[in-house]
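**Q** This is start_29.pdb (PDB, C-alpha atoms and all ligand atoms).
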ATOM      1  CA  MET A   1     105.214  28.616 237.931
ATOM      2  CA  SER A   2     102.662  29.669 235.359
ATOM      3  CA  ARG A   3      99.018  29.171 236.174
ATOM      4  CA  PRO A   4      97.237  26.127 234.760
ATOM      5  CA  ARG A   5      94.945  27.004 231.903
ATOM      6  CA  ILE A   6      91.268  26.348 231.386
ATOM      7  CA  PHE A   7      90.011  26.363 227.807
ATOM      8  CA  VAL A   8      86.251  26.582 227.661
ATOM      9  CA  ASP A   9      83.684  26.057 224.959
ATOM     10  CA  LEU A  10      80.832  28.535 224.453
ATOM     11  CA  ASP A  11      77.778  26.888 222.832
ATOM     12  CA  GLY A  12      76.061  24.614 225.330
ATOM     13  CA  THR A  13      78.756  25.333 227.924
ATOM     14  CA  CYS A  14      78.897  29.068 228.679
ATOM     15  CA  ALA A  15      75.916  30.006 226.481
ATOM     16  CA  GLU A  16      72.505  28.350 226.589
ATOM     17  CA  TRP A  17      71.945  25.871 223.815
ATOM     18  CA  VAL A  18      68.795  26.717 221.864
ATOM     19  CA  PRO A  19      67.838  23.563 219.916
ATOM     20  CA  GLU A  20      65.309  25.408 217.763
ATOM     21  CA  GLY A  21      67.609  28.390 217.065
ATOM     22  CA  ASN A  22      69.066  29.137 213.638
ATOM     23  CA  TRP A  23      72.734  29.443 214.485
ATOM     24  CA  ARG A  24      73.628  30.592 210.965
ATOM     25  CA  GLU A  25      71.396  33.647 211.294
ATOM     26  CA  LYS A  26      72.814  37.110 212.036
ATOM     27  CA  GLY A  27      72.246  38.067 215.651
ATOM     28  CA  TYR A  28      71.763  34.480 216.799
ATOM     29  CA  PHE A  29      74.725  34.326 219.102
ATOM     30  CA  LEU A  30      74.199  37.783 220.578
ATOM     31  CA  SER A  31      70.694  36.725 221.596
ATOM     32  CA  LEU A  32      71.901  33.788 223.697
ATOM     33  CA  THR A  33      71.657  33.940 227.456
ATOM     34  CA  PRO A  34      74.627  32.844 229.547
ATOM     35  CA  VAL A  35      74.669  29.621 231.537
ATOM     36  CA  ARG A  36      75.066  31.534 234.796
ATOM     37  CA  GLU A  37      76.289  28.528 236.776
ATOM     38  CA  MET A  38      79.183  28.170 234.339
ATOM     39  CA  THR A  39      80.141  31.806 233.846
ATOM     40  CA  GLU A  40      80.047  32.253 237.633
ATOM     41  CA  THR A  41      82.187  29.133 238.160
ATOM     42  CA  LEU A  42      84.825  30.490 235.795
ATOM     43  CA  ARG A  43      84.761  33.908 237.438
ATOM     44  CA  LEU A  44      85.296  32.232 240.825
ATOM     45  CA  VAL A  45      88.408  30.353 239.659
ATOM     46  CA  SER A  46      89.799  33.077 237.399
ATOM     47  CA  ASP A  47      92.477  34.096 239.937
ATOM     48  CA  ILE A  48      93.813  30.547 240.042
ATOM     49  CA  PHE A  49      93.458  29.450 236.422
ATOM     50  CA  GLU A  50      94.218  31.367 233.241
ATOM     51  CA  ILE A  51      90.855  31.304 231.462
ATOM     52  CA  HIS A  52      90.699  30.977 227.667
ATOM     53  CA  VAL A  53      87.660  30.674 225.436
ATOM     54  CA  LEU A  54      87.957  28.122 222.615
ATOM     55  CA  SER A  55      84.945  28.033 220.339
ATOM     56  CA  TRP A  56      83.934  27.354 216.758
ATOM     57  CA  ALA A  57      82.314  29.983 214.539
ATOM     58  CA  VAL A  58      80.671  29.524 211.136
ATOM     59  CA  SER A  59      81.434  33.020 209.792
ATOM     60  CA  PRO A  60      83.246  36.307 210.511
ATOM     61  CA  THR A  61      79.905  37.707 211.725
ATOM     62  CA  ALA A  62      79.491  34.838 214.175
ATOM     63  CA  GLU A  63      83.059  35.391 215.350
ATOM     64  CA  LYS A  64      82.413  39.081 215.965
ATOM     65  CA  GLU A  65      79.233  38.250 217.879
ATOM     66  CA  LYS A  66      81.010  35.686 220.011
ATOM     67  CA  ARG A  67      83.749  38.160 220.933
ATOM     68  CA  LEU A  68      81.138  40.762 221.894
ATOM     69  CA  TRP A  69      79.220  38.175 223.876
ATOM     70  CA  VAL A  70      82.309  37.146 225.855
ATOM     71  CA  SER A  71      83.181  40.763 226.672
ATOM     72  CA  GLU A  72      79.618  41.252 227.926
ATOM     73  CA  TYR A  73      79.134  38.103 230.009
ATOM     74  CA  MET A  74      82.700  36.982 230.783
ATOM     75  CA  PRO A  75      84.625  40.234 231.276
ATOM     76  CA  PHE A  76      87.274  38.412 233.329
ATOM     77  CA  VAL A  77      88.577  36.766 230.106
ATOM     78  CA  LYS A  78      91.255  38.859 228.385
ATOM     79  CA  THR A  79      90.515  39.582 224.735
ATOM     80  CA  ASP A  80      93.719  37.881 223.522
ATOM     81  CA  ARG A  81      92.562  34.713 225.297
ATOM     82  CA  VAL A  82      89.433  34.403 223.179
ATOM     83  CA  HIS A  83      90.165  31.891 220.410
ATOM     84  CA  ILE A  84      87.415  31.669 217.826
ATOM     85  CA  VAL A  85      88.287  28.935 215.333
ATOM     86  CA  PRO A  86      86.705  27.607 212.116
ATOM     87  CA  TYR A  87      83.611  25.488 212.544
ATOM     88  CA  GLY A  88      84.470  21.804 212.988
ATOM     89  CA  ALA A  89      88.217  22.443 213.387
ATOM     90  CA  SER A  90      90.347  20.482 215.843
ATOM     91  CA  LYS A  91      90.333  22.798 218.852
ATOM     92  CA  GLN A  92      93.637  21.557 220.216
ATOM     93  CA  LYS A  93      95.451  22.931 217.144
ATOM     94  CA  TYR A  94      94.592  26.499 218.196
ATOM     95  CA  VAL A  95      96.019  26.373 221.706
ATOM     96  CA  PRO A  96      98.844  28.909 222.163
ATOM     97  CA  GLY A  97     102.077  26.962 222.602
ATOM     98  CA  GLY A  98     100.255  23.663 222.139
ATOM     99  CA  VAL A  99      98.234  21.618 224.632
ATOM    100  CA  LYS A 100     100.044  21.001 227.924
ATOM    101  CA  GLN A 101      99.336  18.156 230.307
ATOM    102  CA  GLU A 102      97.658  20.390 232.868
ATOM    103  CA  ASP A 103      95.468  22.232 230.339
ATOM    104  CA  LEU A 104      91.782  21.617 230.955
ATOM    105  CA  LEU A 105      89.148  21.719 228.231
ATOM    106  CA  ILE A 106      85.612  22.205 229.515
ATOM    107  CA  ASP A 107      83.183  21.276 226.756
ATOM    108  CA  ASP A 108      79.730  19.722 226.349
ATOM    109  CA  TYR A 109      80.755  17.813 223.219
ATOM    110  CA  THR A 110      82.408  14.432 223.720
ATOM    111  CA  PRO A 111      84.379  14.152 220.426
ATOM    112  CA  ALA A 112      86.122  17.465 221.210
ATOM    113  CA  LEU A 113      87.022  16.121 224.669
ATOM    114  CA  PHE A 114      88.396  12.851 223.341
ATOM    115  CA  ALA A 115      90.509  14.754 220.790
ATOM    116  CA  TRP A 116      91.806  16.961 223.619
ATOM    117  CA  LYS A 117      92.785  13.912 225.642
ATOM    118  CA  ALA A 118      94.534  12.385 222.627
ATOM    119  CA  ALA A 119      96.524  15.636 222.297
ATOM    120  CA  GLY A 120      97.748  15.213 225.892
ATOM    121  CA  GLY A 121      95.381  17.562 227.745
ATOM    122  CA  ARG A 122      92.827  16.945 230.440
ATOM    123  CA  PRO A 123      89.173  16.836 229.402
ATOM    124  CA  VAL A 124      86.298  17.932 231.648
ATOM    125  CA  LYS A 125      82.833  17.235 230.320
ATOM    126  CA  PHE A 126      80.136  19.749 231.154
ATOM    127  CA  TYR A 127      76.717  18.231 231.666
ATOM    128  CA  ASN A 128      74.305  21.045 230.875
ATOM    129  CA  GLY A 129      71.087  19.169 231.538
ATOM    130  CA  LEU A 130      70.432  18.378 227.866
ATOM    131  CA  ASN A 131      73.515  16.468 226.734
ATOM    132  CA  GLY A 132      75.062  13.205 227.922
ATOM    133  CA  THR A 133      72.202  11.041 226.719
ATOM    134  CA  GLN A 134      74.431   8.424 225.082
ATOM    135  CA  GLY A 135      76.716   7.845 228.069
ATOM    136  CA  ARG A 136      79.825   7.597 225.907
ATOM    137  CA  TYR A 137      81.893   9.989 227.985
ATOM    138  CA  ARG A 138      80.806   8.519 231.309
ATOM    139  CA  LYS A 139      82.097   5.135 230.172
ATOM    140  CA  SER A 140      85.499   6.677 229.464
ATOM    141  CA  GLY A 141      85.832   7.605 233.144
ATOM    142  CA  GLY A 142      86.924  11.183 232.407
ATOM    143  CA  ASP A 143      86.431  14.181 234.683
ATOM    144  CA  MET A 144      83.140  16.042 234.649
ATOM    145  CA  ILE A 145      81.197  18.907 236.156
ATOM    146  CA  CYS A 146      77.402  19.166 236.222
ATOM    147  CA  ARG A 147      75.267  22.254 235.996
ATOM    148  CA  GLN A 148      72.947  20.945 238.691
ATOM    149  CA  TRP A 149      75.805  21.071 241.219
ATOM    150  CA  GLY A 150      75.808  24.889 241.035
ATOM    151  CA  SER A 151      78.803  27.177 240.703
ATOM    152  CA  ILE A 152      80.332  26.715 244.173
ATOM    153  CA  ARG A 153      80.697  22.959 243.844
ATOM    154  CA  MET A 154      81.800  23.175 240.212
ATOM    155  CA  ALA A 155      84.483  25.696 241.216
ATOM    156  CA  GLU A 156      85.597  23.400 244.060
ATOM    157  CA  GLU A 157      85.962  20.494 241.653
ATOM    158  CA  LEU A 158      88.130  22.594 239.337
ATOM    159  CA  LEU A 159      90.255  23.853 242.235
ATOM    160  CA  LYS A 160      90.888  20.257 243.338
ATOM    161  CA  LYS A 161      92.408  19.610 239.936
ATOM    162  CA  GLU A 162      94.652  22.658 240.256
ATOM    163  CA  HIS A 163      95.723  21.377 243.687
ATOM    164  CA  ASN A 164      96.677  18.041 242.154
ATOM    165  CA  PHE A 165      98.927  19.791 239.656
ATOM    166  CA  SER A 166     100.596  21.844 242.381
ATOM    167  CA  CYS A 167     101.381  18.673 244.348
ATOM    168  CA  THR A 168     102.894  16.714 241.502
ATOM    169  CA  VAL A 169     105.984  18.856 240.882
TER     170      VAL A 169
HETATM  171 MG    MG B   1      79.472  23.150 222.750
END
Just give me the structure of the file as C-alpha cells.
**A**
Amino acid sequence: MSRPRIFVDLDGTCAEWVPEGNWREKGYFLSLTPVREMTETLRLVSDIFEIHVLSWAVSPTAEKEKRLWVSEYMPFVKTDRVHIVPYGASKQKYVPGGVKQEDLLIDDYTPALFAWKAAGGRPVKFYNGLNGTQGRYRKSGGDMICRQWGSIRMAEELLKKEHNFSCTV
C-alpha cells in the first residue's frame, strides 16, 4: 500500500508570515525564517507520510527562491515533490494523479482548504497564531493543528489520521 500523502503550504504554514513584508520583492522569500514547529512536525512524520510542498508563487524568481528555501529548511522533501503553482491557482489541480481521499492538505488559508475538501481530499487547518480570526473554518468542524501545541503533539495528531486510514481498508 502506498503511503498517504501530505501536501503542505509554505507561506504562513512552513515559513513565517511577515505582514509588513513586500512579497513581490526579489529576495523576500529567501529571507523568511521557518516555522520550526511545523518543519519539525513534518520531519517527524516523513517516514510515514509522503511529504509534498504545494505553494503559490507570483513569478519565476519567487518559484526559484521557494525551491531553494525548501531544500535548505525541509531537506526531507524530494525535489520532484515540490509543486510551485501560479499565484491564486486551485491547488488541487496540481496534485500528481489527482486528489485522493486520504490526501491531507495542511494550509493556513481557509478557502484553499474548502476547495481541497470539495475535490475529495482531507483538509487540515494550521493555526499559526495570527490567522483564524474569523472562525469560519472552526465552524466547518474540519481537522486542525495548532502551532502552540508544539511539534510532538502536532505529529501525533497527523499520525492518528494515518492510523485511521490504515484501519479502514
Ligand atoms: Mg499560506
**Q** Quick one: residues within 12 Å of stretch 134-141 of chain A, all atoms listed in the file counted, chain neighbours fewer than 2 positions away excluded, as a PyMOL selection string?
**A** chain A and resi 107-114+117+122-127+130-132+143-145
**Q** May I have the protein, DNA and RNA residues with any atom at most 9 Å from the point (72.8, 25.5, 225.0), counting only C-alpha atoms, written as a ChimeraX atom specification?
**A** /A:10-19,32-35,128,130
**Q** Could you tell me which residues the PyMOL selection byres (((chain A and resi 40-56) around 7) and not hetatm) returns for this structure, as a list of chain:residue names?
**A**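 Applied to this file, the PyMOL selection byres (((chain A and resi 40-56) around 7) and not hetatm) returns A:Arg3, A:Pro4, A:Arg5, A:Ile6, A:Phe7, A:Val8, A:Asp9, A:Leu10, A:Arg36, A:Glu37, A:Met38, A:Thr39, A:Ala57, A:Val58, A:Phe76, A:Val77, A:Arg81, A:Val82, A:His83, A:Ile84, A:Val85, A:Pro86, A:Tyr87, A:Gly88, A:Lys91, A:Ser151, A:Ile152, A:Met154, A:Ala155.
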**Q** Those same residues, written as a PDB file, in the coordinates of the input with C-alpha atoms?
**A**
ATOM      1  CA  ARG A   3      99.018  29.171 236.174  1.00  0.00           C
ATOM      2  CA  PRO A   4      97.237  26.127 234.760  1.00  0.00           C
ATOM      3  CA  ARG A   5      94.945  27.004 231.903  1.00  0.00           C
ATOM      4  CA  ILE A   6      91.268  26.348 231.386  1.00  0.00           C
ATOM      5  CA  PHE A   7      90.011  26.363 227.807  1.00  0.00           C
ATOM      6  CA  VAL A   8      86.251  26.582 227.661  1.00  0.00           C
ATOM      7  CA  ASP A   9      83.684  26.057 224.959  1.00  0.00           C
ATOM      8  CA  LEU A  10      80.832  28.535 224.453  1.00  0.00           C
ATOM      9  CA  ARG A  36      75.066  31.534 234.796  1.00  0.00           C
ATOM     10  CA  GLU A  37      76.289  28.528 236.776  1.00  0.00           C
ATOM     11  CA  MET A  38      79.183  28.170 234.339  1.00  0.00           C
ATOM     12  CA  THR A  39      80.141  31.806 233.846  1.00  0.00           C
ATOM     13  CA  ALA A  57      82.314  29.983 214.539  1.00  0.00           C
ATOM     14  CA  VAL A  58      80.671  29.524 211.136  1.00  0.00           C
ATOM     15  CA  PHE A  76      87.274  38.412 233.329  1.00  0.00           C
ATOM     16  CA  VAL A  77      88.577  36.766 230.106  1.00  0.00           C
ATOM     17  CA  ARG A  81      92.562  34.713 225.297  1.00  0.00           C
ATOM     18  CA  VAL A  82      89.433  34.403 223.179  1.00  0.00           C
ATOM     19  CA  HIS A  83      90.165  31.891 220.410  1.00  0.00           C
ATOM     20  CA  ILE A  84      87.415  31.669 217.826  1.00  0.00           C
ATOM     21  CA  VAL A  85      88.287  28.935 215.333  1.00  0.00           C
ATOM     22  CA  PRO A  86      86.705  27.607 212.116  1.00  0.00           C
ATOM     23  CA  TYR A  87      83.611  25.488 212.544  1.00  0.00           C
ATOM     24  CA  GLY A  88      84.470  21.804 212.988  1.00  0.00           C
ATOM     25  CA  LYS A  91      90.333  22.798 218.852  1.00  0.00           C
ATOM     26  CA  SER A 151      78.803  27.177 240.703  1.00  0.00           C
ATOM     27  CA  ILE A 152      80.332  26.715 244.173  1.00  0.00           C
ATOM     28  CA  MET A 154      81.800  23.175 240.212  1.00  0.00           C
ATOM     29  CA  ALA A 155      84.483  25.696 241.216  1.00  0.00           C
TER      30      ALA A 155
END
**Q** In Å, with one decimal, what is the gap from atom CA of A:Ala89 to atom CA of A:Glu162?
**A**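 Interatomic distance, atom CA of A:Ala89 to atom CA of A:Glu162: 27.6 Å.
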**Q** Looking at only C-alpha atoms and all ligand atoms, which of A:Ile106, A:Glu156, A:Glu63, A:Ala115 is the one that sits closest to ligand MG 1 (chain B)?
**A**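 Selected residue with least distance to ligand MG 1 (chain B): A:Ile106.
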**Q** So how many Å separate atom CA of A:Gln101 and atom CA of A:Lys160, to one decimal?
**A**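 Computing the Euclidean distance for atom CA of A:Gln101 and atom CA of A:Lys160 yields 15.7 Å.
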**Q** Using all atoms listed in the file, which residue out of A:Glu25, A:Pro75, A:Leu105, A:Asn164 lies closest to ligand MG 1 (chain B)?
**A**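 Among A:Glu25, A:Pro75, A:Leu105, A:Asn164, it is A:Leu105 that comes nearest to ligand MG 1 (chain B).
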**Q** What is the atom CA of A:Lys64 to atom CA of A:Val95 distance in Å?
**A**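 Result for atom CA of A:Lys64 versus atom CA of A:Val95: 19.5 Å, one decimal.
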**Q** Pick out the closest residue to A:Arg67 from this set: A:Leu30, A:Glu102, A:Lys93, A:Ala118. Count only C-alpha atoms.
**A**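 For A:Arg67, the nearest of the given residues is A:Leu30.
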**Q** Using all atoms listed in the file, which of the listed residues (A:Ala119, A:Gly129, A:Ser71, A:Lys161) sits closest to A:Tyr94?
**A**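 Distance minimum relative to A:Tyr94 lands on A:Ala119.
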**Q** Provide stretch 108-125 of chain A rebuilt to N, CA and C atoms, formatted as a CSV table (one decimal), in the coordinates of the input.
**A**
chain,number,residue,atom,x,y,z
A,108,ASP,N,80.9,20.6,226.2
A,108,ASP,CA,79.7,19.7,226.3
A,108,ASP,C,79.7,18.6,225.3
A,109,TYR,N,80.8,18.7,224.4
A,109,TYR,CA,80.8,17.8,223.2
A,109,TYR,C,81.9,16.8,223.3
A,110,THR,N,81.5,15.5,223.4
A,110,THR,CA,82.4,14.4,223.7
A,110,THR,C,83.5,14.3,222.7
A,111,PRO,N,83.3,14.3,221.4
A,111,PRO,CA,84.4,14.2,220.4
A,111,PRO,C,85.5,15.2,220.6
A,112,ALA,N,85.1,16.4,221.0
A,112,ALA,CA,86.1,17.5,221.2
A,112,ALA,C,87.0,17.1,222.4
A,113,LEU,N,86.3,16.5,223.4
A,113,LEU,CA,87.0,16.1,224.7
A,113,LEU,C,88.0,14.9,224.4
A,114,PHE,N,87.5,14.0,223.7
A,114,PHE,CA,88.4,12.9,223.3
A,114,PHE,C,89.6,13.3,222.5
A,115,ALA,N,89.4,14.2,221.6
A,115,ALA,CA,90.5,14.8,220.8
A,115,ALA,C,91.5,15.5,221.7
A,116,TRP,N,91.0,16.2,222.7
A,116,TRP,CA,91.8,17.0,223.6
A,116,TRP,C,92.7,16.0,224.4
A,117,LYS,N,92.1,14.9,224.9
A,117,LYS,CA,92.8,13.9,225.6
A,117,LYS,C,93.9,13.3,224.8
A,118,ALA,N,93.6,13.0,223.5
A,118,ALA,CA,94.5,12.4,222.6
A,118,ALA,C,95.7,13.3,222.4
A,119,ALA,N,95.5,14.6,222.5
A,119,ALA,CA,96.5,15.6,222.3
A,119,ALA,C,97.3,15.8,223.6
A,120,GLY,N,97.0,15.2,224.7
A,120,GLY,CA,97.7,15.2,225.9
A,120,GLY,C,97.2,16.1,227.0
A,121,GLY,N,96.0,16.7,226.7
A,121,GLY,CA,95.4,17.6,227.7
A,121,GLY,C,94.4,16.8,228.6
A,122,ARG,N,93.8,17.6,229.5
A,122,ARG,CA,92.8,16.9,230.4
A,122,ARG,C,91.4,17.4,230.1
A,123,PRO,N,90.5,16.5,229.7
A,123,PRO,CA,89.2,16.8,229.4
A,123,PRO,C,88.3,16.9,230.6
A,124,VAL,N,87.3,17.8,230.6
A,124,VAL,CA,86.3,17.9,231.6
A,124,VAL,C,85.0,18.1,230.9
A,125,LYS,N,84.1,17.1,231.0
A,125,LYS,CA,82.8,17.2,230.3
A,125,LYS,C,81.9,18.1,231.2
